[in-house]
Structure formats: structure tokens, C-alpha cells
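Q: Sharing model_31.cif (mmCIF, N, CA and C atoms) below.
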data_upload
#
loop_
_atom_site.label_atom_id
_atom_site.label_comp_id
_atom_site.auth_asym_id
_atom_site.auth_seq_id
_atom_site.Cartn_x
_atom_site.Cartn_y
_atom_site.Cartn_z
N MET E 73 -62.56 66.82 75.86
CA MET E 73 -63.28 65.65 76.32
C MET E 73 -63.87 64.94 75.11
N GLY E 74 -63.75 63.63 75.08
CA GLY E 74 -64.23 62.84 73.96
C GLY E 74 -65.69 62.49 74.07
N GLU E 75 -66.09 61.65 73.16
CA GLU E 75 -67.48 61.18 73.17
C GLU E 75 -67.58 59.95 74.06
N PHE E 76 -68.61 59.93 74.87
CA PHE E 76 -68.92 58.78 75.71
C PHE E 76 -69.94 57.93 74.97
N ARG E 77 -69.77 56.61 75.06
CA ARG E 77 -70.74 55.68 74.50
C ARG E 77 -71.03 54.61 75.54
N ILE E 78 -72.31 54.33 75.72
CA ILE E 78 -72.75 53.30 76.67
C ILE E 78 -73.49 52.24 75.88
N TYR E 79 -73.04 50.99 76.04
CA TYR E 79 -73.67 49.85 75.36
C TYR E 79 -74.25 48.90 76.40
N LEU E 80 -75.43 48.42 76.12
CA LEU E 80 -76.07 47.36 76.90
C LEU E 80 -76.08 46.15 75.99
N ASP E 81 -75.29 45.14 76.35
CA ASP E 81 -74.91 44.08 75.42
C ASP E 81 -74.27 44.79 74.23
N ASP E 82 -74.73 44.60 73.04
CA ASP E 82 -74.11 45.27 71.89
C ASP E 82 -74.98 46.41 71.36
N GLU E 83 -75.99 46.79 72.13
CA GLU E 83 -76.90 47.84 71.68
C GLU E 83 -76.51 49.19 72.29
N LEU E 84 -76.24 50.16 71.43
CA LEU E 84 -75.87 51.50 71.88
C LEU E 84 -77.04 52.14 72.62
N GLN E 85 -76.79 52.54 73.86
CA GLN E 85 -77.81 53.19 74.68
C GLN E 85 -77.69 54.71 74.62
N CYS E 86 -76.45 55.19 74.49
CA CYS E 86 -76.21 56.62 74.54
C CYS E 86 -74.86 56.94 73.93
N ALA E 87 -74.82 57.99 73.12
CA ALA E 87 -73.57 58.54 72.60
C ALA E 87 -73.63 60.04 72.86
N THR E 88 -72.69 60.56 73.65
CA THR E 88 -72.78 61.95 74.07
C THR E 88 -71.42 62.50 74.45
N THR E 89 -71.30 63.81 74.43
CA THR E 89 -70.11 64.47 74.99
C THR E 89 -70.40 64.98 76.39
N SER E 90 -71.62 64.80 76.88
CA SER E 90 -72.02 65.26 78.21
C SER E 90 -71.71 64.19 79.26
N PRO E 91 -70.80 64.49 80.19
CA PRO E 91 -70.50 63.51 81.23
C PRO E 91 -71.72 63.13 82.07
N VAL E 92 -72.59 64.09 82.37
CA VAL E 92 -73.75 63.77 83.21
C VAL E 92 -74.74 62.88 82.47
N LEU E 93 -74.89 63.07 81.18
CA LEU E 93 -75.76 62.18 80.40
C LEU E 93 -75.17 60.78 80.33
N ALA E 94 -73.86 60.68 80.18
CA ALA E 94 -73.20 59.38 80.18
C ALA E 94 -73.38 58.69 81.53
N GLN E 95 -73.26 59.46 82.62
CA GLN E 95 -73.45 58.89 83.95
C GLN E 95 -74.87 58.35 84.13
N ALA E 96 -75.85 59.10 83.64
CA ALA E 96 -77.24 58.66 83.74
C ALA E 96 -77.47 57.39 82.93
N ALA E 97 -76.92 57.35 81.72
CA ALA E 97 -77.08 56.16 80.87
C ALA E 97 -76.40 54.95 81.48
N TRP E 98 -75.20 55.15 82.05
CA TRP E 98 -74.48 54.05 82.71
C TRP E 98 -75.30 53.51 83.88
N ASN E 99 -75.81 54.41 84.72
CA ASN E 99 -76.57 53.98 85.89
C ASN E 99 -77.80 53.20 85.47
N ARG E 100 -78.50 53.68 84.46
CA ARG E 100 -79.71 53.00 83.99
C ARG E 100 -79.37 51.63 83.40
N ALA E 101 -78.33 51.58 82.56
CA ALA E 101 -77.96 50.31 81.93
C ALA E 101 -77.44 49.30 82.95
N SER E 102 -76.74 49.79 83.98
CA SER E 102 -76.15 48.88 84.97
C SER E 102 -77.18 48.22 85.87
N ARG E 103 -78.44 48.68 85.80
CA ARG E 103 -79.50 48.06 86.61
C ARG E 103 -80.55 47.34 85.76
N ASP E 104 -80.26 47.16 84.49
CA ASP E 104 -81.21 46.55 83.57
C ASP E 104 -81.43 45.08 83.91
N GLY E 105 -82.62 44.77 84.39
CA GLY E 105 -82.94 43.41 84.82
C GLY E 105 -83.00 42.41 83.69
N ARG E 106 -83.48 42.83 82.54
CA ARG E 106 -83.60 41.92 81.38
C ARG E 106 -82.23 41.43 80.95
N VAL E 107 -81.28 42.34 80.83
CA VAL E 107 -79.94 41.97 80.40
C VAL E 107 -79.21 41.21 81.51
N ALA E 108 -79.45 41.60 82.76
CA ALA E 108 -78.83 40.89 83.89
C ALA E 108 -79.28 39.43 83.91
N GLU E 109 -80.57 39.22 83.69
CA GLU E 109 -81.13 37.87 83.73
C GLU E 109 -80.51 36.95 82.68
N LYS E 110 -80.18 37.48 81.53
CA LYS E 110 -79.59 36.64 80.48
C LYS E 110 -78.07 36.65 80.50
N GLY E 111 -77.47 37.31 81.52
CA GLY E 111 -76.01 37.28 81.66
C GLY E 111 -75.27 38.25 80.76
N GLY E 112 -75.95 39.30 80.31
CA GLY E 112 -75.33 40.26 79.41
C GLY E 112 -74.40 41.23 80.14
N SER E 113 -73.96 42.23 79.41
CA SER E 113 -73.01 43.18 80.00
C SER E 113 -73.36 44.61 79.62
N VAL E 114 -72.80 45.54 80.38
CA VAL E 114 -72.87 46.96 80.07
C VAL E 114 -71.43 47.44 79.94
N ARG E 115 -71.18 48.26 78.90
CA ARG E 115 -69.82 48.77 78.66
C ARG E 115 -69.89 50.27 78.46
N ALA E 116 -68.86 50.95 78.96
CA ALA E 116 -68.73 52.40 78.76
C ALA E 116 -67.41 52.68 78.07
N TYR E 117 -67.48 53.53 77.08
CA TYR E 117 -66.29 53.96 76.35
C TYR E 117 -66.19 55.47 76.41
N GLU E 118 -64.97 55.97 76.46
CA GLU E 118 -64.71 57.38 76.20
C GLU E 118 -63.76 57.39 75.02
N GLY E 119 -64.24 57.89 73.90
CA GLY E 119 -63.49 57.75 72.66
C GLY E 119 -63.38 56.27 72.34
N GLU E 120 -62.18 55.80 72.13
CA GLU E 120 -61.96 54.38 71.84
C GLU E 120 -61.51 53.60 73.07
N VAL E 121 -61.41 54.27 74.20
CA VAL E 121 -60.94 53.65 75.44
C VAL E 121 -62.12 53.06 76.21
N THR E 122 -62.01 51.80 76.60
CA THR E 122 -63.03 51.18 77.44
C THR E 122 -62.85 51.70 78.86
N VAL E 123 -63.87 52.40 79.37
CA VAL E 123 -63.83 52.95 80.72
C VAL E 123 -64.19 51.86 81.73
N ALA E 124 -65.21 51.05 81.40
CA ALA E 124 -65.63 50.00 82.32
C ALA E 124 -66.52 49.01 81.59
N GLU E 125 -66.55 47.80 82.14
CA GLU E 125 -67.46 46.76 81.67
C GLU E 125 -67.88 45.96 82.88
N MET E 126 -69.18 45.63 82.95
CA MET E 126 -69.68 44.86 84.08
C MET E 126 -70.97 44.15 83.70
N ARG E 127 -71.39 43.26 84.56
CA ARG E 127 -72.69 42.60 84.42
C ARG E 127 -73.72 43.45 85.17
N PRO E 128 -74.82 43.83 84.51
CA PRO E 128 -75.86 44.59 85.21
C PRO E 128 -76.44 43.79 86.37
N GLU E 129 -76.94 44.50 87.35
CA GLU E 129 -77.64 43.89 88.48
C GLU E 129 -79.03 44.50 88.54
N PRO E 130 -80.07 43.66 88.55
CA PRO E 130 -81.43 44.20 88.57
C PRO E 130 -81.62 45.18 89.73
N ARG E 131 -82.16 46.35 89.42
CA ARG E 131 -82.52 47.38 90.40
C ARG E 131 -81.34 47.96 91.18
N VAL E 132 -80.10 47.70 90.75
CA VAL E 132 -78.91 48.24 91.43
C VAL E 132 -78.14 49.10 90.43
N GLY E 133 -78.45 50.39 90.42
CA GLY E 133 -77.73 51.29 89.52
C GLY E 133 -76.35 51.59 90.08
N HIS E 134 -75.34 51.50 89.25
CA HIS E 134 -73.97 51.72 89.69
C HIS E 134 -73.49 53.12 89.30
N PRO E 135 -72.70 53.75 90.15
CA PRO E 135 -72.18 55.08 89.82
C PRO E 135 -71.19 55.01 88.66
N TRP E 136 -70.96 56.16 88.06
CA TRP E 136 -70.03 56.26 86.94
C TRP E 136 -68.68 55.72 87.37
N PRO E 137 -68.09 54.82 86.60
CA PRO E 137 -66.87 54.14 87.04
C PRO E 137 -65.57 54.93 86.88
N ASP E 138 -65.60 56.04 86.16
CA ASP E 138 -64.36 56.80 85.93
C ASP E 138 -64.26 57.94 86.93
N GLY E 139 -63.46 57.76 87.96
CA GLY E 139 -63.31 58.73 89.03
C GLY E 139 -62.67 60.04 88.61
N ARG E 140 -62.16 60.11 87.39
CA ARG E 140 -61.56 61.37 86.93
C ARG E 140 -62.62 62.40 86.58
N ASP E 141 -63.85 61.95 86.31
CA ASP E 141 -64.94 62.86 85.93
C ASP E 141 -65.70 63.31 87.16
N HIS E 142 -66.21 64.55 87.11
CA HIS E 142 -67.08 65.04 88.18
C HIS E 142 -68.32 64.16 88.24
N GLN E 143 -68.65 63.69 89.42
CA GLN E 143 -69.85 62.89 89.59
C GLN E 143 -71.02 63.81 89.93
N ALA E 144 -72.07 63.75 89.15
CA ALA E 144 -73.24 64.58 89.42
C ALA E 144 -73.74 64.27 90.83
N ASP E 145 -74.05 65.33 91.59
CA ASP E 145 -74.55 65.14 92.95
C ASP E 145 -75.70 66.11 93.20
N LEU E 146 -76.12 66.22 94.45
CA LEU E 146 -77.28 67.06 94.76
C LEU E 146 -77.02 68.54 94.50
N ARG E 147 -75.76 68.98 94.46
CA ARG E 147 -75.48 70.37 94.07
C ARG E 147 -75.90 70.60 92.62
N ASP E 148 -75.65 69.61 91.77
CA ASP E 148 -76.04 69.72 90.36
C ASP E 148 -77.56 69.69 90.21
N VAL E 149 -78.22 68.85 91.01
CA VAL E 149 -79.68 68.81 91.00
C VAL E 149 -80.22 70.18 91.44
N TRP E 150 -79.66 70.72 92.50
CA TRP E 150 -80.07 72.03 93.03
C TRP E 150 -79.92 73.10 91.94
N ASP E 151 -78.75 73.14 91.30
CA ASP E 151 -78.50 74.15 90.27
C ASP E 151 -79.50 74.03 89.12
N SER E 152 -79.76 72.80 88.69
CA SER E 152 -80.72 72.59 87.59
C SER E 152 -82.13 73.00 88.01
N LEU E 153 -82.50 72.65 89.22
CA LEU E 153 -83.83 73.00 89.72
C LEU E 153 -83.98 74.52 89.82
N ILE E 154 -82.99 75.20 90.37
CA ILE E 154 -83.06 76.66 90.49
C ILE E 154 -83.15 77.30 89.11
N ARG E 155 -82.41 76.78 88.15
CA ARG E 155 -82.45 77.31 86.78
C ARG E 155 -83.86 77.16 86.19
N VAL E 156 -84.49 76.01 86.39
CA VAL E 156 -85.85 75.79 85.88
C VAL E 156 -86.84 76.71 86.59
N LEU E 157 -86.71 76.83 87.91
CA LEU E 157 -87.64 77.68 88.66
C LEU E 157 -87.49 79.15 88.25
N LYS E 158 -86.26 79.59 88.03
CA LYS E 158 -86.05 80.97 87.57
C LYS E 158 -86.65 81.17 86.18
N GLN E 159 -86.52 80.18 85.33
CA GLN E 159 -87.11 80.26 84.00
C GLN E 159 -88.63 80.38 84.09
N GLN E 160 -89.18 79.84 85.15
CA GLN E 160 -90.63 79.92 85.38
C GLN E 160 -91.03 81.22 86.08
N GLY E 161 -90.06 82.11 86.29
CA GLY E 161 -90.36 83.41 86.87
C GLY E 161 -90.21 83.50 88.38
N LEU E 162 -89.62 82.50 89.00
CA LEU E 162 -89.44 82.50 90.45
C LEU E 162 -88.01 82.88 90.79
N ASP E 163 -87.82 84.10 91.27
CA ASP E 163 -86.48 84.54 91.64
C ASP E 163 -86.18 84.12 93.08
N ASP E 164 -85.00 84.48 93.56
CA ASP E 164 -84.57 84.08 94.91
C ASP E 164 -85.56 84.55 95.97
N GLN E 165 -86.06 85.77 95.82
CA GLN E 165 -87.01 86.32 96.80
C GLN E 165 -88.31 85.51 96.82
N ALA E 166 -88.82 85.15 95.66
CA ALA E 166 -90.06 84.36 95.58
C ALA E 166 -89.85 82.97 96.18
N LEU E 167 -88.70 82.37 95.90
CA LEU E 167 -88.42 81.04 96.44
C LEU E 167 -88.26 81.09 97.97
N ALA E 168 -87.57 82.11 98.46
CA ALA E 168 -87.41 82.26 99.91
C ALA E 168 -88.76 82.46 100.56
N GLY E 169 -89.62 83.25 99.94
CA GLY E 169 -90.97 83.47 100.47
C GLY E 169 -91.76 82.18 100.55
N ALA E 170 -91.68 81.36 99.50
CA ALA E 170 -92.39 80.07 99.48
C ALA E 170 -91.88 79.18 100.60
N LEU E 171 -90.55 79.13 100.78
CA LEU E 171 -89.99 78.30 101.85
C LEU E 171 -90.43 78.81 103.22
N ASN E 172 -90.43 80.12 103.41
CA ASN E 172 -90.84 80.68 104.70
C ASN E 172 -92.30 80.35 105.00
N ARG E 173 -93.16 80.49 104.00
CA ARG E 173 -94.58 80.15 104.20
C ARG E 173 -94.75 78.66 104.49
N PHE E 174 -93.89 77.84 103.93
CA PHE E 174 -93.97 76.39 104.14
C PHE E 174 -93.46 76.01 105.53
N GLY E 175 -92.54 76.83 106.09
CA GLY E 175 -92.05 76.56 107.44
C GLY E 175 -90.55 76.38 107.55
N LEU E 176 -89.82 76.56 106.46
CA LEU E 176 -88.37 76.47 106.50
C LEU E 176 -87.82 77.88 106.32
N THR E 177 -87.48 78.52 107.44
CA THR E 177 -87.09 79.93 107.43
C THR E 177 -85.76 80.14 106.72
N THR E 178 -85.77 81.11 105.79
CA THR E 178 -84.55 81.46 105.07
C THR E 178 -84.68 82.88 104.55
N THR E 179 -83.56 83.55 104.40
CA THR E 179 -83.57 84.88 103.79
C THR E 179 -83.20 84.78 102.32
N SER E 180 -82.53 83.69 101.93
CA SER E 180 -82.11 83.53 100.54
C SER E 180 -81.91 82.06 100.23
N VAL E 181 -82.57 81.58 99.21
CA VAL E 181 -82.41 80.20 98.77
C VAL E 181 -81.00 80.01 98.22
N GLU E 182 -80.53 80.97 97.45
CA GLU E 182 -79.19 80.86 96.88
C GLU E 182 -78.11 80.83 97.96
N ALA E 183 -78.28 81.65 99.00
CA ALA E 183 -77.30 81.69 100.09
C ALA E 183 -77.36 80.44 100.96
N SER E 184 -78.47 79.71 100.91
CA SER E 184 -78.61 78.54 101.78
C SER E 184 -77.68 77.40 101.40
N VAL E 185 -77.10 77.45 100.21
CA VAL E 185 -76.16 76.41 99.81
C VAL E 185 -74.72 76.93 99.78
N GLN E 186 -74.49 78.08 100.42
CA GLN E 186 -73.14 78.64 100.54
C GLN E 186 -72.67 78.41 101.97
N ASP E 187 -71.40 78.07 102.12
CA ASP E 187 -70.88 77.94 103.47
C ASP E 187 -70.20 79.25 103.88
N GLU E 188 -69.79 79.32 105.13
CA GLU E 188 -69.22 80.55 105.66
C GLU E 188 -67.87 80.91 105.04
N LEU E 189 -67.26 80.00 104.32
CA LEU E 189 -65.97 80.27 103.67
C LEU E 189 -66.15 80.62 102.19
N GLY E 190 -67.39 80.75 101.75
CA GLY E 190 -67.64 81.10 100.35
C GLY E 190 -67.72 79.91 99.42
N GLY E 191 -67.63 78.70 99.95
CA GLY E 191 -67.76 77.49 99.14
C GLY E 191 -69.21 77.05 99.03
N ARG E 192 -69.41 75.92 98.40
CA ARG E 192 -70.76 75.39 98.23
C ARG E 192 -70.96 74.18 99.11
N THR E 193 -72.07 74.15 99.79
CA THR E 193 -72.43 72.98 100.56
C THR E 193 -73.31 72.08 99.70
N VAL E 194 -73.46 70.86 100.10
CA VAL E 194 -74.34 69.92 99.39
C VAL E 194 -75.70 69.98 100.05
N PRO E 195 -76.73 70.42 99.32
CA PRO E 195 -78.06 70.43 99.91
C PRO E 195 -78.52 68.99 100.15
N SER E 196 -79.36 68.82 101.13
CA SER E 196 -79.88 67.48 101.39
C SER E 196 -81.04 67.19 100.46
N ALA E 197 -81.33 65.92 100.31
CA ALA E 197 -82.49 65.52 99.51
C ALA E 197 -83.75 66.11 100.14
N ALA E 198 -83.79 66.18 101.47
CA ALA E 198 -84.95 66.76 102.16
C ALA E 198 -85.14 68.23 101.78
N GLU E 199 -84.04 68.99 101.66
CA GLU E 199 -84.16 70.39 101.26
C GLU E 199 -84.75 70.53 99.87
N LEU E 200 -84.34 69.66 98.97
CA LEU E 200 -84.88 69.70 97.61
C LEU E 200 -86.37 69.37 97.61
N VAL E 201 -86.76 68.37 98.37
CA VAL E 201 -88.18 68.00 98.44
C VAL E 201 -88.98 69.14 99.04
N VAL E 202 -88.47 69.75 100.11
CA VAL E 202 -89.18 70.86 100.75
C VAL E 202 -89.32 72.04 99.79
N LEU E 203 -88.25 72.37 99.06
CA LEU E 203 -88.33 73.47 98.10
C LEU E 203 -89.39 73.19 97.05
N LEU E 204 -89.39 72.00 96.51
CA LEU E 204 -90.40 71.65 95.50
C LEU E 204 -91.81 71.68 96.08
N GLU E 205 -91.98 71.16 97.27
CA GLU E 205 -93.30 71.16 97.90
C GLU E 205 -93.76 72.58 98.22
N ALA E 206 -92.84 73.43 98.67
CA ALA E 206 -93.17 74.82 98.97
C ALA E 206 -93.63 75.55 97.70
N VAL E 207 -92.91 75.36 96.60
CA VAL E 207 -93.28 75.98 95.34
C VAL E 207 -94.63 75.42 94.87
N TYR E 208 -94.82 74.13 94.99
CA TYR E 208 -96.08 73.51 94.58
C TYR E 208 -97.25 74.09 95.37
N GLN E 209 -97.09 74.18 96.69
CA GLN E 209 -98.18 74.72 97.51
C GLN E 209 -98.46 76.18 97.20
N ASP E 210 -97.40 76.96 96.95
CA ASP E 210 -97.59 78.35 96.56
C ASP E 210 -98.37 78.45 95.25
N ARG E 211 -98.03 77.60 94.32
CA ARG E 211 -98.72 77.61 93.01
C ARG E 211 -100.18 77.18 93.17
N GLN E 212 -100.46 76.30 94.11
CA GLN E 212 -101.84 75.86 94.34
C GLN E 212 -102.67 76.99 94.92
N ARG E 213 -102.04 77.88 95.69
CA ARG E 213 -102.74 79.02 96.30
C ARG E 213 -103.05 80.13 95.30
N GLU E 214 -102.30 80.20 94.21
CA GLU E 214 -102.48 81.25 93.23
C GLU E 214 -103.87 81.11 92.60
N PRO E 215 -104.54 82.25 92.37
CA PRO E 215 -105.85 82.17 91.71
C PRO E 215 -105.71 81.60 90.30
N GLN E 216 -106.60 80.71 89.96
CA GLN E 216 -106.59 80.09 88.63
C GLN E 216 -107.36 80.96 87.65
N MET E 217 -106.81 81.17 86.49
CA MET E 217 -107.46 82.00 85.47
C MET E 217 -108.11 81.14 84.44
#
Starting from the coordinates I provided, produce the structure as C-alpha cells.

A:
Amino acid sequence: MGEFRIYLDDELQCATTSPVLAQAAWNRASRDGRVAEKGGSVRAYEGEVTVAEMRPEPRVGHPWPDGRDHQADLRDVWDSLIRVLKQQGLDDQALAGALNRFGLTTTSVEASVQDELGGRTVPSAAELVVLLEAVYQDRQREPQM
């Protein structure tokens, strides 16, 4: 995989080999109101190949234009969130306990995004919000030192 470069007008916004970082930079640049107002453009390159060029629209972020790349979705958000929570010392059992105390019954947070065929389901935005709120409330209950 080559290097992705995102330009807003002629100003480099991002140069990366990370597809998800390129997608984030594209989305942000494609909604830039200042550049949209003056009729500027946003361009994406992979290596020397122009992937896309468009006029930004204020407050309208556009998805990554190259359908060959994996588009980051809520599964990726879930994975990143679980990784951060585990780094903070919250394992699957602790997360399931927080969700149960909050009111969303589960035996396993990790299993909650698995389907019956062994694949991965897409968690809803509501599930992510509930998980974060459950962890937040649990942390608020912990005695402060």
C-alpha cells in the first residue's frame, strides 16, 4: 500500500500510509467551509495516482472515495474502544459487569459483537454510547483517593 496524501486547495493536510487516517483527513477536508466558500478543492492521492478531487461542502463530510479500501465503521470504533479500555485495566468481565449494572444485560462484551455463525456484527452507535456511559458511571462510583 502506498502513501496517501490529502490536499485542501494546495495545502497538504495529511501524508500517511494509514488508510483510516487518510479517510479521516478526507472527511474533514471535504467539509471545510472556508475552502468551500472560496470555491477551492480537496484532492486525495495514493502514491502518484489521484484517487479523487471535489469541491468541499460546509458541514458535509464525504466518505473515502476509493471503494477498494476498507471503510472504517463502528466495528473499528468498537475495537479501538475495547483496546483503550483494556489498556486502562478493564477486561471483558469488568466491562460486562458495568453494562449489567447500567441495565444492558450481557455475559460478555466481546461476544456481544459476534454473530451465531462466528462472524462479526456491527455494533450500534447506541451500544457504544451505553458502554461508555456504563464505564463512566462505574468509575464515578469508585472511591476517590

Q: Skipping near chain neighbours, those fewer than 4 positions away, what residues fall within 6 Å of Val114 in chain E using all atoms listed in the file, listed as a list in words?

A: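 With the cut-off at 6 Å, the set is Tyr79, Leu80, Asp81, Ala101, Ala124, Glu125, Met126, Arg127 and Pro128 of chain E.
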
Q: Please list as a PDB file with N, CA and C atoms, keeping the file's coordinate frame every residue within 7 Å of range 146-163 of chain E, counting all atoms listed in the file and excluding residues in the same chain fewer than 3 positions away.

A:
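Contents of the output file part_14.pdb:
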ATOM      1  N   ALA E 166     -88.820  85.150  95.660  1.00  0.00           N
ATOM      2  CA  ALA E 166     -90.060  84.360  95.580  1.00  0.00           C
ATOM      3  C   ALA E 166     -89.850  82.970  96.180  1.00  0.00           C
ATOM      4  N   LEU E 167     -88.700  82.370  95.900  1.00  0.00           N
ATOM      5  CA  LEU E 167     -88.420  81.040  96.440  1.00  0.00           C
ATOM      6  C   LEU E 167     -88.260  81.090  97.970  1.00  0.00           C
ATOM      7  N   ALA E 168     -87.570  82.110  98.460  1.00  0.00           N
ATOM      8  CA  ALA E 168     -87.410  82.260  99.910  1.00  0.00           C
ATOM      9  C   ALA E 168     -88.760  82.460 100.560  1.00  0.00           C
ATOM     10  N   THR E 193     -72.070  74.150  99.790  1.00  0.00           N
ATOM     11  CA  THR E 193     -72.430  72.980 100.560  1.00  0.00           C
ATOM     12  C   THR E 193     -73.310  72.080  99.700  1.00  0.00           C
ATOM     13  N   VAL E 194     -73.460  70.860 100.100  1.00  0.00           N
ATOM     14  CA  VAL E 194     -74.340  69.920  99.390  1.00  0.00           C
ATOM     15  C   VAL E 194     -75.700  69.980 100.050  1.00  0.00           C
ATOM     16  N   PRO E 195     -76.730  70.420  99.320  1.00  0.00           N
ATOM     17  CA  PRO E 195     -78.060  70.430  99.910  1.00  0.00           C
ATOM     18  C   PRO E 195     -78.520  68.990 100.150  1.00  0.00           C
ATOM     19  N   SER E 196     -79.360  68.820 101.130  1.00  0.00           N
ATOM     20  CA  SER E 196     -79.880  67.480 101.390  1.00  0.00           C
ATOM     21  C   SER E 196     -81.040  67.190 100.460  1.00  0.00           C
ATOM     22  N   ALA E 197     -81.330  65.920 100.310  1.00  0.00           N
ATOM     23  CA  ALA E 197     -82.490  65.520  99.510  1.00  0.00           C
ATOM     24  C   ALA E 197     -83.750  66.110 100.140  1.00  0.00           C
TER      25      ALA E 197
END

Q: In Å to one decimal, how far is atom C of Glu83 in chain E from CA of Asp145 in chain E?

A: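 Computed distance, CA of Asp145 in chain E to atom C of Glu83 in chain E, equals 26.2 Å.
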
Q: As an exercise, work out the distance from CA of Ile78 in chain E to atom C of Gly139 in chain E in Å and give it to one decimal place.

A: 17.0 Å

Q: Have a look at E:Val123, E:Val107, E:Val207, E:Leu200 and name the one nearest to Phe174 in chain E; count only C-alpha atoms.

A: E:Val207

Q: What does the PyMOL selection byres ((chain E and resi 104) around 6.5) select in this file, as a PyMOL selection string?

A: chain E and resi 100-103+105-109+128-132

Q: Output N, CA and C atoms for every residue in the selection just made, as a PDB file, keeping the file's coordinate frame.

A:
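Result written to again-v3.pdb:
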ATOM      1  N   ARG E 100     -78.500  53.680  84.460  1.00  0.00           N
ATOM      2  CA  ARG E 100     -79.710  53.000  83.990  1.00  0.00           C
ATOM      3  C   ARG E 100     -79.370  51.630  83.400  1.00  0.00           C
ATOM      4  N   ALA E 101     -78.330  51.580  82.560  1.00  0.00           N
ATOM      5  CA  ALA E 101     -77.960  50.310  81.930  1.00  0.00           C
ATOM      6  C   ALA E 101     -77.440  49.300  82.950  1.00  0.00           C
ATOM      7  N   SER E 102     -76.740  49.790  83.980  1.00  0.00           N
ATOM      8  CA  SER E 102     -76.150  48.880  84.970  1.00  0.00           C
ATOM      9  C   SER E 102     -77.180  48.220  85.870  1.00  0.00           C
ATOM     10  N   ARG E 103     -78.440  48.680  85.800  1.00  0.00           N
ATOM     11  CA  ARG E 103     -79.500  48.060  86.610  1.00  0.00           C
ATOM     12  C   ARG E 103     -80.550  47.340  85.760  1.00  0.00           C
ATOM     13  N   GLY E 105     -82.620  44.770  84.390  1.00  0.00           N
ATOM     14  CA  GLY E 105     -82.940  43.410  84.820  1.00  0.00           C
ATOM     15  C   GLY E 105     -83.000  42.410  83.690  1.00  0.00           C
ATOM     16  N   ARG E 106     -83.480  42.830  82.540  1.00  0.00           N
ATOM     17  CA  ARG E 106     -83.600  41.920  81.380  1.00  0.00           C
ATOM     18  C   ARG E 106     -82.230  41.430  80.950  1.00  0.00           C
ATOM     19  N   VAL E 107     -81.280  42.340  80.830  1.00  0.00           N
ATOM     20  CA  VAL E 107     -79.940  41.970  80.400  1.00  0.00           C
ATOM     21  C   VAL E 107     -79.210  41.210  81.510  1.00  0.00           C
ATOM     22  N   ALA E 108     -79.450  41.600  82.760  1.00  0.00           N
ATOM     23  CA  ALA E 108     -78.830  40.890  83.890  1.00  0.00           C
ATOM     24  C   ALA E 108     -79.280  39.430  83.910  1.00  0.00           C
ATOM     25  N   GLU E 109     -80.570  39.220  83.690  1.00  0.00           N
ATOM     26  CA  GLU E 109     -81.130  37.870  83.730  1.00  0.00           C
ATOM     27  C   GLU E 109     -80.510  36.950  82.680  1.00  0.00           C
ATOM     28  N   PRO E 128     -74.820  43.830  84.510  1.00  0.00           N
ATOM     29  CA  PRO E 128     -75.860  44.590  85.210  1.00  0.00           C
ATOM     30  C   PRO E 128     -76.440  43.790  86.370  1.00  0.00           C
ATOM     31  N   GLU E 129     -76.940  44.500  87.350  1.00  0.00           N
ATOM     32  CA  GLU E 129     -77.640  43.890  88.480  1.00  0.00           C
ATOM     33  C   GLU E 129     -79.030  44.500  88.540  1.00  0.00           C
ATOM     34  N   PRO E 130     -80.070  43.660  88.550  1.00  0.00           N
ATOM     35  CA  PRO E 130     -81.430  44.200  88.570  1.00  0.00           C
ATOM     36  C   PRO E 130     -81.620  45.180  89.730  1.00  0.00           C
ATOM     37  N   ARG E 131     -82.160  46.350  89.420  1.00  0.00           N
ATOM     38  CA  ARG E 131     -82.520  47.380  90.400  1.00  0.00           C
ATOM     39  C   ARG E 131     -81.340  47.960  91.180  1.00  0.00           C
ATOM     40  N   VAL E 132     -80.100  47.700  90.750  1.00  0.00           N
ATOM     41  CA  VAL E 132     -78.910  48.240  91.430  1.00  0.00           C
ATOM     42  C   VAL E 132     -78.140  49.100  90.430  1.00  0.00           C
TER      43      VAL E 132
END

Q: DSSP on the backbone: which residues in range 114-150 of chain E end up as helix (DSSP H, G or I)? Give the answer as an NGL selection string.

A: :E and (146-150)

Q: Quick one: pull the distance between CA of Pro91 in chain E and CA of Gly133 in chain E, Å, one decimal.

A: 16.4 Å

Q: Pick the closest to Pro135 in chain E from E:Gln95, E:Gln85, E:Gln209, E:Ser113: which is it, counting only N, CA and C atoms?

A: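 Looking at the shortest contact to Pro135 in chain E, the residue is E:Gln95.
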
Q: Taking only N, CA and C atoms into account, which of E:Ala206, E:Thr89, E:Pro137, E:Glu214 comes nearest Gly175 in chain E?

A: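 Looking at the shortest contact to Gly175 in chain E, the residue is E:Ala206.
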
Q: Just want the 10 Å neighbourhood of Glu75 in chain E, counted on only C-alpha atoms, with same-chain residues fewer than 5 positions away dropped. Output as a list in words.

A: Cys86, Ala87, Thr88, Thr89, Ser90, Pro91, Ala94, Tyr117, Glu118, Gly119 and Glu120 of chain E

Q: Padding 3 Å on each side, edges along x, y and z: where is the centre of the box around the listed atoms of range 119-130 of chain E, and how long are its edges in Å to one decimal? Output it as AutoDock Vina command-line options.

A:
--center_x -71.3 --center_y 50.2 --center_z 80.8 --size_x 26.7 --size_y 21.3 --size_z 23.9

Q: Among chain E, which residues carry a DSSP assignment of strand (DSSP E), reported as a list in words?

A: Phe76, Arg77, Ile78, Tyr79, Leu80, Glu83, Leu84, Gln85, Cys86, Ala87, Thr88, Val114, Arg115, Ala116, Tyr117, Glu118, Val121, Thr122, Val123, Ala124, Glu125 and Met126 of chain E
